[in-house]
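Beneath this line is the structure, given in structure tokens, with notes to follow.
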Amino acid sequence: MAANPRTITDVQATILSAHANCTVEDKISFYNTWSKLYEQDMKILDYQAPLLASTCLADVMLEDRDQALVLDVACGTGLVAAQLQKLGFCNFHGLDGSEEMLDLAQSKSLYQSIQKCILGAESLPLSSDIYDAVLIVGALSVGQVPYTTICELHRVTKPGGFVCMTTRSNVSNQLYKTQLQALMEEMEQKRLWVKESRGGRMQPSRGPPCFD
């Protein structure tokens, strides 16, 4: 079998271009094209975010995982849902802006519902208070999904449900991360959600909304 011609340097260059300042249409086109190499590239990077986020959610949802309805926001090709399924979760809805990514996710027969949604450019095409858990992994960063999207994640989560998210800690993402954390803290101060801790991990847990 021939060796994989792509190197970690190639993949890192691809990811940098994904975070470039460009139009929404350009970004969707980029992800549609990248979908063919996406999972291969994630293996080259040893990308652990789907596993870590899934484990964090499992740490706070100890019962009835098979009954929980989970929304996978920016689901890509379905890496997060695949990890969650291994941990006993069964019911998934997926959202993403790339049709090619969604086609690959759909082919895995993990999701009961798949919808295209341009995150940040429009509200989530979903009713309020319907999901037991909402995850967004790998999309909350500069040049990707606006940090204000977490307000929509909160909206569609049931009272008492969980929101699990990841962001990057590299230098270029520090301002975005600071803004994200400030909004999370503001929402906590308004008692829109509280943090849940299991095994040293902290997860935002949606409580009864007390403020508009």
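We name chains A, B, ... following the order of the structure tokens; residues begin at 1 in each chain, and ligands are numbered from 1 as shown.
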Hey, which bits of stretch 44-89 of chain A sit within 7 Å of stretch 115-139 of chain A, and for each residue what's the closest pair of atoms and how far apart in Å (one decimal), counting only C-alpha atoms, rows by chain and increasing number, as a tab-separated table?
residue	atom	partner	partner_atom	distance
A:Ala49	CA	A:Val137	CA	6.7
A:Pro50	CA	A:Val137	CA	6.6
A:Ala68	CA	A:Asp132	CA	5.6
A:Leu69	CA	A:Asp132	CA	5.3
A:Val70	CA	A:Ala133	CA	4.8
A:Leu71	CA	A:Val134	CA	4.7
A:Asp72	CA	A:Leu135	CA	5.2
A:Val73	CA	A:Ile136	CA	4.9
A:Ala74	CA	A:Ile136	CA	6.2
Enumerate the residues of stretch 150-185 of chain A with a DSSP assignment of strand (DSSP E), computed from the backbone, and present them as a PDB file with all heavy atoms, in the first residue's frame.
ATOM      1  N   THR A 157     -31.589  24.090  23.991  1.00  0.00           N
ATOM      2  CA  THR A 157     -31.345  23.080  25.014  1.00  0.00           C
ATOM      3  C   THR A 157     -32.455  23.100  26.059  1.00  0.00           C
ATOM      4  O   THR A 157     -32.893  24.162  26.497  1.00  0.00           O
ATOM      5  CB  THR A 157     -29.992  23.329  25.717  1.00  0.00           C
ATOM      6  OG1 THR A 157     -28.965  23.419  24.733  1.00  0.00           O
ATOM      7  CG2 THR A 157     -29.655  22.211  26.689  1.00  0.00           C
ATOM      8  N   LYS A 158     -32.901  21.928  26.461  1.00  0.00           N
ATOM      9  CA  LYS A 158     -33.924  21.839  27.500  1.00  0.00           C
ATOM     10  C   LYS A 158     -33.408  22.404  28.824  1.00  0.00           C
ATOM     11  O   LYS A 158     -32.211  22.293  29.125  1.00  0.00           O
ATOM     12  CB  LYS A 158     -34.296  20.369  27.750  1.00  0.00           C
ATOM     13  CG  LYS A 158     -35.052  19.670  26.659  1.00  0.00           C
ATOM     14  CD  LYS A 158     -35.308  18.227  27.081  1.00  0.00           C
ATOM     15  CE  LYS A 158     -36.076  17.441  26.016  1.00  0.00           C
ATOM     16  NZ  LYS A 158     -36.254  16.023  26.438  1.00  0.00           N
ATOM     17  N   PRO A 159     -34.287  22.974  29.654  1.00  0.00           N
ATOM     18  CA  PRO A 159     -33.884  23.293  31.030  1.00  0.00           C
ATOM     19  C   PRO A 159     -33.356  22.031  31.716  1.00  0.00           C
ATOM     20  O   PRO A 159     -33.956  20.960  31.631  1.00  0.00           O
ATOM     21  CB  PRO A 159     -35.199  23.765  31.670  1.00  0.00           C
ATOM     22  CG  PRO A 159     -35.991  24.303  30.517  1.00  0.00           C
ATOM     23  CD  PRO A 159     -35.670  23.396  29.354  1.00  0.00           C
ATOM     24  N   GLY A 160     -32.191  22.132  32.328  1.00  0.00           N
ATOM     25  CA  GLY A 160     -31.568  20.972  32.941  1.00  0.00           C
ATOM     26  C   GLY A 160     -30.705  20.166  31.991  1.00  0.00           C
ATOM     27  O   GLY A 160     -30.051  19.211  32.403  1.00  0.00           O
ATOM     28  N   GLY A 161     -30.682  20.554  30.709  1.00  0.00           N
ATOM     29  CA  GLY A 161     -29.843  19.869  29.738  1.00  0.00           C
ATOM     30  C   GLY A 161     -28.418  20.396  29.787  1.00  0.00           C
ATOM     31  O   GLY A 161     -28.058  21.216  30.633  1.00  0.00           O
ATOM     32  N   PHE A 162     -27.598  19.944  28.836  1.00  0.00           N
ATOM     33  CA  PHE A 162     -26.174  20.267  28.853  1.00  0.00           C
ATOM     34  C   PHE A 162     -25.724  20.844  27.520  1.00  0.00           C
ATOM     35  O   PHE A 162     -26.168  20.409  26.459  1.00  0.00           O
ATOM     36  CB  PHE A 162     -25.341  19.017  29.161  1.00  0.00           C
ATOM     37  CG  PHE A 162     -25.592  18.462  30.527  1.00  0.00           C
ATOM     38  CD1 PHE A 162     -26.560  17.484  30.728  1.00  0.00           C
ATOM     39  CD2 PHE A 162     -24.882  18.925  31.619  1.00  0.00           C
ATOM     40  CE1 PHE A 162     -26.807  16.985  31.991  1.00  0.00           C
ATOM     41  CE2 PHE A 162     -25.117  18.434  32.884  1.00  0.00           C
ATOM     42  CZ  PHE A 162     -26.080  17.460  33.082  1.00  0.00           C
ATOM     43  N   VAL A 163     -24.825  21.821  27.615  1.00  0.00           N
ATOM     44  CA  VAL A 163     -24.153  22.373  26.441  1.00  0.00           C
ATOM     45  C   VAL A 163     -22.663  22.096  26.602  1.00  0.00           C
ATOM     46  O   VAL A 163     -22.073  22.448  27.624  1.00  0.00           O
ATOM     47  CB  VAL A 163     -24.396  23.891  26.305  1.00  0.00           C
ATOM     48  CG1 VAL A 163     -23.588  24.458  25.148  1.00  0.00           C
ATOM     49  CG2 VAL A 163     -25.881  24.186  26.114  1.00  0.00           C
ATOM     50  N   CYS A 164     -22.058  21.470  25.618  1.00  0.00           N
ATOM     51  CA  CYS A 164     -20.641  21.125  25.656  1.00  0.00           C
ATOM     52  C   CYS A 164     -19.966  21.736  24.438  1.00  0.00           C
ATOM     53  O   CYS A 164     -20.433  21.553  23.317  1.00  0.00           O
ATOM     54  CB  CYS A 164     -20.477  19.606  25.652  1.00  0.00           C
ATOM     55  SG  CYS A 164     -18.760  19.047  25.723  1.00  0.00           S
ATOM     56  N   MET A 165     -18.881  22.475  24.681  1.00  0.00           N
ATOM     57  CA  MET A 165     -18.234  23.177  23.564  1.00  0.00           C
ATOM     58  C   MET A 165     -16.721  23.148  23.715  1.00  0.00           C
ATOM     59  O   MET A 165     -16.199  22.975  24.822  1.00  0.00           O
ATOM     60  CB  MET A 165     -18.730  24.620  23.495  1.00  0.00           C
ATOM     61  CG  MET A 165     -18.403  25.449  24.720  1.00  0.00           C
ATOM     62  SD  MET A 165     -19.269  27.045  24.748  1.00  0.00           S
ATOM     63  CE  MET A 165     -20.856  26.534  25.415  1.00  0.00           C
ATOM     64  N   THR A 166     -16.037  23.305  22.601  1.00  0.00           N
ATOM     65  CA  THR A 166     -14.578  23.404  22.607  1.00  0.00           C
ATOM     66  C   THR A 166     -14.159  24.663  21.867  1.00  0.00           C
ATOM     67  O   THR A 166     -14.884  25.172  21.005  1.00  0.00           O
ATOM     68  CB  THR A 166     -13.914  22.189  21.914  1.00  0.00           C
ATOM     69  OG1 THR A 166     -14.189  22.242  20.504  1.00  0.00           O
ATOM     70  CG2 THR A 166     -14.424  20.872  22.486  1.00  0.00           C
ATOM     71  N   THR A 167     -12.983  25.160  22.220  1.00  0.00           N
ATOM     72  CA  THR A 167     -12.356  26.231  21.451  1.00  0.00           C
ATOM     73  C   THR A 167     -10.856  26.003  21.481  1.00  0.00           C
ATOM     74  O   THR A 167     -10.369  25.083  22.162  1.00  0.00           O
ATOM     75  CB  THR A 167     -12.734  27.625  21.991  1.00  0.00           C
ATOM     76  OG1 THR A 167     -12.305  28.625  21.052  1.00  0.00           O
ATOM     77  CG2 THR A 167     -12.107  27.890  23.348  1.00  0.00           C
TER      78      THR A 167
END
Requested in this report: Determine which residues of chain A receive a DSSP assignment of alpha helix (DSSP H), computed from the backbone, and state them as a PyMOL selection string.
Outcome: chain A and resi 8-18+24-34+38-45+49-60+79-86+99-107+150-156+174-189
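Minimum distance to A:Trp34 across A:Asp46, A:Cys90, A:Cys75, A:Glu100 (counting only C-alpha atoms) occurs at A:Glu100.
The space between atom CA of A:Phe92 and atom CA of A:Gln144 spans 22.7 Å.
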Query raised in the report: Skipping near chain neighbours, those fewer than 3 positions away, what residues fall within 12 Å of stretch 103-110 of chain A using only C-alpha atoms, listed as a PyMOL selection string?
Result: chain A and resi 32+34-39+70-72+74-86+89-100+113-116
Report task. Please provide as a PyMOL selection string all residues within 10 Å of A:Arg168, with the sequence filter that same-chain residues fewer than 4 positions apart are discarded (counting only C-alpha atoms). Result -> chain A and resi 138-142+172-174+176-177
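The shortest atom-to-atom distance to A:Lys195, with only C-alpha atoms taken into account, belongs to A:Val60 out of A:Val60, A:Leu102, A:Cys22, A:Val171.
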